[in-house]
Amino acid sequence: MKKRTWLGAAALSLALLAPSVQAHPLWMLPSEFNLSTEESFWITVDATAAHGVFTFDKPLGLDSVSIYKPNGDRQRMGPYFKGKRRSVFDLEIDTAGTYKVELSGQQRYVTTYEIGARNTSRRIFANKQEAEIPEGAKNVKTTAVQTLSAFYVTQGAPSNKVLEATGKGFELHPLTHPSDVVAKENARFKFTFDGEPLANLDIEITPHGTAWRNSREQMNLKTDKNGVVTFKPTVVGPHLLMTSMRKNIKSPLADAAGVNYHLTFEVLSQ
């Protein structure tokens with residue numbers, strides 16, 4: 001059997017394979033989500049892998065962060081700092097409208113199977129073409145796994161260019177603009193994969209400040225048949241939305257796609 005020694009990749013892939021949406025979140029938290037100034041303004045962004053909501057645990061490599069300006073053009077990312085528990089980068093907001101910032105982890109492949117009289121579970125970190133499966137293995141399945149983390153920042157009035165769907169892969173369609181989520185008012189987000197609605201998707205939304213209260217006050221929700229989740233937040237400030245998708249696909253490299261998605265957004269006061 002071919003051995004794989006992707007230690008960091010293996011840990012990430014195992015987290016992505018976990019059924020719970022609480023599998024090791026990777027989140028980014030900007031210092032501001034909405035700017036009223038018309039002048040250029042620098043925000044700072046924290047990034048970490050942590051089970052706690054907006055607590056720091058492990059730093060992230062940020063080479064895979066993509067920044068999209070309000071017109072859809074890519075903006076180059078400058079230097080960033082990688083510490084012991086978090087990574088930090090600064091971002092200049094110099095154009096009116098909505099920016100999108102997304103961290104897209106490299107896609108990894110995990111092949112699982114059962115073997116022996118006791119149906120012992122095994123896994124190989126390889127795709128369908130590379131995995132060497134022992135004779136007699138059962139329930140062989142390869143999953144292509146990926147993690148995504150995103151947030152939006154708006155200067156002045158919100159714009160929609162960076163919200164446009166591509167019809168490829170896992171996507172969020174904000175029916176309520178991420179910069180217009182207001183406390184005690186309904187907000188609606190839609191989720192799709194390759195353009196198809198993701199029905200019955202588990203969604204967890206948790207407000208900031210979990211370390212200072214007895215309850216997480218999270219909302220555990222599901223998307224409807226159209227892939228839409230409706231929620232009414234009550235706490236003002238940053239929130240973390242987490243969801244985890246598993247879907248069968250037709251590919252020479254994998255039988256299924258797995259995505260863990262994390263969105264950071266702000267809830268405004270009325």
# chains A, B, ... in the order shown; residues from 1 in each chain; ligands from 1
call {"tool": "residues_around", "arguments": {"residues": "A:Thr55", "least_positions_apart": "4", "cutoff": "12 Å", "atoms": "only C-alpha atoms", "output": "list in words"}}
result
Pro25, Leu26, Trp27, Met28, Leu29, Asp46, Ala47, Thr48, Ala49, Ala50, His51, Pro59, Arg85, Arg86, His208, Gly209, Thr210, Ala211, Trp212 and Leu240 of chain A
call {"tool": "select_by_dssp", "arguments": {"residues": "stretch 10-140 of chain A", "states": "strand (DSSP E or B)", "output": "ChimeraX atom specification"}}
result
/A:26-30,34-35,41-49,58,65-68,74-75,80-82,87-93,97-104,108-115,120-124,138-140
call {"tool": "residues_around", "arguments": {"residues": "A:Ala117", "least_positions_apart": "4", "cutoff": "12 Å", "atoms": "only C-alpha atoms", "output": "number ranges by chain"}}
result
A: 121, 136-138
call {"tool": "closest_residue", "arguments": {"among": "A:His239, A:Arg213, A:Lys141, A:Lys225", "to": "A:Ala257", "atoms": "only C-alpha atoms"}}
result
A:Lys141
call {"tool": "closest_residue", "arguments": {"among": "A:Gln107, A:Thr230, A:Ser66, A:Ser36", "to": "A:Ser149", "atoms": "only C-alpha atoms"}}
result
A:Ser66
call {"tool": "atom_distance", "arguments": {"atom1": "atom CA of A:Leu221", "atom2": "atom CA of A:Tyr152"}}
result
22.0 Å
call {"tool": "atom_distance", "arguments": {"atom1": "atom CA of A:Lys128", "atom2": "atom CA of A:Gln106"}}
result
17.3 Å
call {"tool": "atom_distance", "arguments": {"atom1": "atom CA of A:Glu92", "atom2": "atom CA of A:Phe41"}}
result
5.7 Å
call {"tool": "residues_around", "arguments": {"residues": "A:Asp255", "least_positions_apart": "6", "cutoff": "9 Å", "atoms": "only C-alpha atoms", "output": "list in words"}}
result
Lys128, Lys141, Thr142, Thr143, Ala144, Lys247, Asn248 and Ile249 of chain A
call {"tool": "closest_residue", "arguments": {"among": "A:Leu263, A:Val140, A:Leu148, A:Ala131", "to": "A:Gly169", "atoms": "only C-alpha atoms"}}
result
A:Leu148
call {"tool": "residues_around", "arguments": {"residues": "A:Glu266", "least_positions_apart": "6", "cutoff": "8 Å", "atoms": "only C-alpha atoms", "output": "list in words"}}
result
Phe33, Pro178, Ser179, Val181, Val236, Gly237, Pro238 and His239 of chain A
call {"tool": "residues_around", "arguments": {"residues": "A:Ala126", "least_positions_apart": "6", "cutoff": "8 Å", "atoms": "only C-alpha atoms", "output": "PDB file with all heavy atoms, in the first residue's frame"}}
result
ATOM      1  N   ARG A   4       1.409   7.781   2.449  1.00  0.00           N
ATOM      2  CA  ARG A   4       1.356   9.223   2.276  1.00  0.00           C
ATOM      3  C   ARG A   4       1.757   9.879   3.588  1.00  0.00           C
ATOM      4  O   ARG A   4       1.298   9.477   4.656  1.00  0.00           O
ATOM      5  CB  ARG A   4      -0.053   9.682   1.892  1.00  0.00           C
ATOM      6  CG  ARG A   4      -0.540   9.058   0.601  1.00  0.00           C
ATOM      7  CD  ARG A   4       0.077   9.723  -0.605  1.00  0.00           C
ATOM      8  NE  ARG A   4      -0.110   8.904  -1.789  1.00  0.00           N
ATOM      9  CZ  ARG A   4       0.270   9.259  -2.998  1.00  0.00           C
ATOM     10  NH1 ARG A   4       0.887  10.395  -3.187  1.00  0.00           N
ATOM     11  NH2 ARG A   4       0.067   8.477  -4.028  1.00  0.00           N
ATOM     12  N   ARG A 108      -7.773  18.041  -1.314  1.00  0.00           N
ATOM     13  CA  ARG A 108      -7.068  16.812  -0.938  1.00  0.00           C
ATOM     14  C   ARG A 108      -7.993  15.622  -1.185  1.00  0.00           C
ATOM     15  O   ARG A 108      -9.215  15.747  -1.187  1.00  0.00           O
ATOM     16  CB  ARG A 108      -6.668  16.841   0.544  1.00  0.00           C
ATOM     17  CG  ARG A 108      -5.858  18.065   0.953  1.00  0.00           C
ATOM     18  CD  ARG A 108      -4.479  18.089   0.338  1.00  0.00           C
ATOM     19  NE  ARG A 108      -3.686  19.198   0.844  1.00  0.00           N
ATOM     20  CZ  ARG A 108      -2.444  19.463   0.465  1.00  0.00           C
ATOM     21  NH1 ARG A 108      -1.854  18.695  -0.434  1.00  0.00           N
ATOM     22  NH2 ARG A 108      -1.805  20.495   0.968  1.00  0.00           N
ATOM     23  N   TYR A 109      -7.393  14.465  -1.335  1.00  0.00           N
ATOM     24  CA  TYR A 109      -8.164  13.249  -1.591  1.00  0.00           C
ATOM     25  C   TYR A 109      -7.956  12.248  -0.459  1.00  0.00           C
ATOM     26  O   TYR A 109      -6.829  12.012  -0.017  1.00  0.00           O
ATOM     27  CB  TYR A 109      -7.741  12.614  -2.919  1.00  0.00           C
ATOM     28  CG  TYR A 109      -8.056  13.474  -4.115  1.00  0.00           C
ATOM     29  CD1 TYR A 109      -7.116  14.362  -4.618  1.00  0.00           C
ATOM     30  CD2 TYR A 109      -9.307  13.416  -4.728  1.00  0.00           C
ATOM     31  CE1 TYR A 109      -7.407  15.167  -5.710  1.00  0.00           C
ATOM     32  CE2 TYR A 109      -9.607  14.223  -5.818  1.00  0.00           C
ATOM     33  CZ  TYR A 109      -8.649  15.090  -6.302  1.00  0.00           C
ATOM     34  OH  TYR A 109      -8.944  15.885  -7.372  1.00  0.00           O
ATOM     35  N   VAL A 110      -9.061  11.674   0.002  1.00  0.00           N
ATOM     36  CA  VAL A 110      -9.026  10.665   1.056  1.00  0.00           C
ATOM     37  C   VAL A 110      -9.827   9.456   0.588  1.00  0.00           C
ATOM     38  O   VAL A 110     -11.015   9.577   0.278  1.00  0.00           O
ATOM     39  CB  VAL A 110      -9.614  11.200   2.376  1.00  0.00           C
ATOM     40  CG1 VAL A 110      -9.521  10.134   3.460  1.00  0.00           C
ATOM     41  CG2 VAL A 110      -8.891  12.467   2.809  1.00  0.00           C
ATOM     42  N   THR A 111      -9.173   8.309   0.526  1.00  0.00           N
ATOM     43  CA  THR A 111      -9.841   7.068   0.137  1.00  0.00           C
ATOM     44  C   THR A 111     -10.030   6.206   1.370  1.00  0.00           C
ATOM     45  O   THR A 111      -9.078   5.922   2.098  1.00  0.00           O
ATOM     46  CB  THR A 111      -9.012   6.303  -0.914  1.00  0.00           C
ATOM     47  OG1 THR A 111      -8.901   7.106  -2.087  1.00  0.00           O
ATOM     48  CG2 THR A 111      -9.676   4.985  -1.279  1.00  0.00           C
TER      49      THR A 111
END
call {"tool": "closest_residue", "arguments": {"among": "A:Thr112, A:Gln129, A:Asn119, A:Thr44", "to": "A:Ser87", "atoms": "only C-alpha atoms"}}
result
A:Thr44
call {"tool": "residues_around", "arguments": {"residues": "A:Phe170", "least_positions_apart": "6", "cutoff": "7 Å", "atoms": "only C-alpha atoms", "output": "JSON, numbers by chain"}}
result
{"A": [192, 193, 194]}
call {"tool": "write_last_selection", "arguments": {"atoms": "C-alpha atoms", "output": "CSV table (one decimal), in the first residue's frame"}}
result
chain,number,residue,atom,x,y,z
A,192,THR,CA,-25.5,25.5,-4.2
A,193,PHE,CA,-23.0,23.0,-5.6
A,194,ASP,CA,-22.3,23.2,-9.4
call {"tool": "closest_residue", "arguments": {"among": "A:Pro30, A:Pro158, A:Leu253, A:Lys58", "to": "A:Val145", "atoms": "only C-alpha atoms"}}
result
A:Leu253
call {"tool": "closest_residue", "arguments": {"among": "A:Ser244, A:Thr176, A:Ser215, A:Thr147", "to": "A:Asp202", "atoms": "only C-alpha atoms"}}
result
A:Ser244
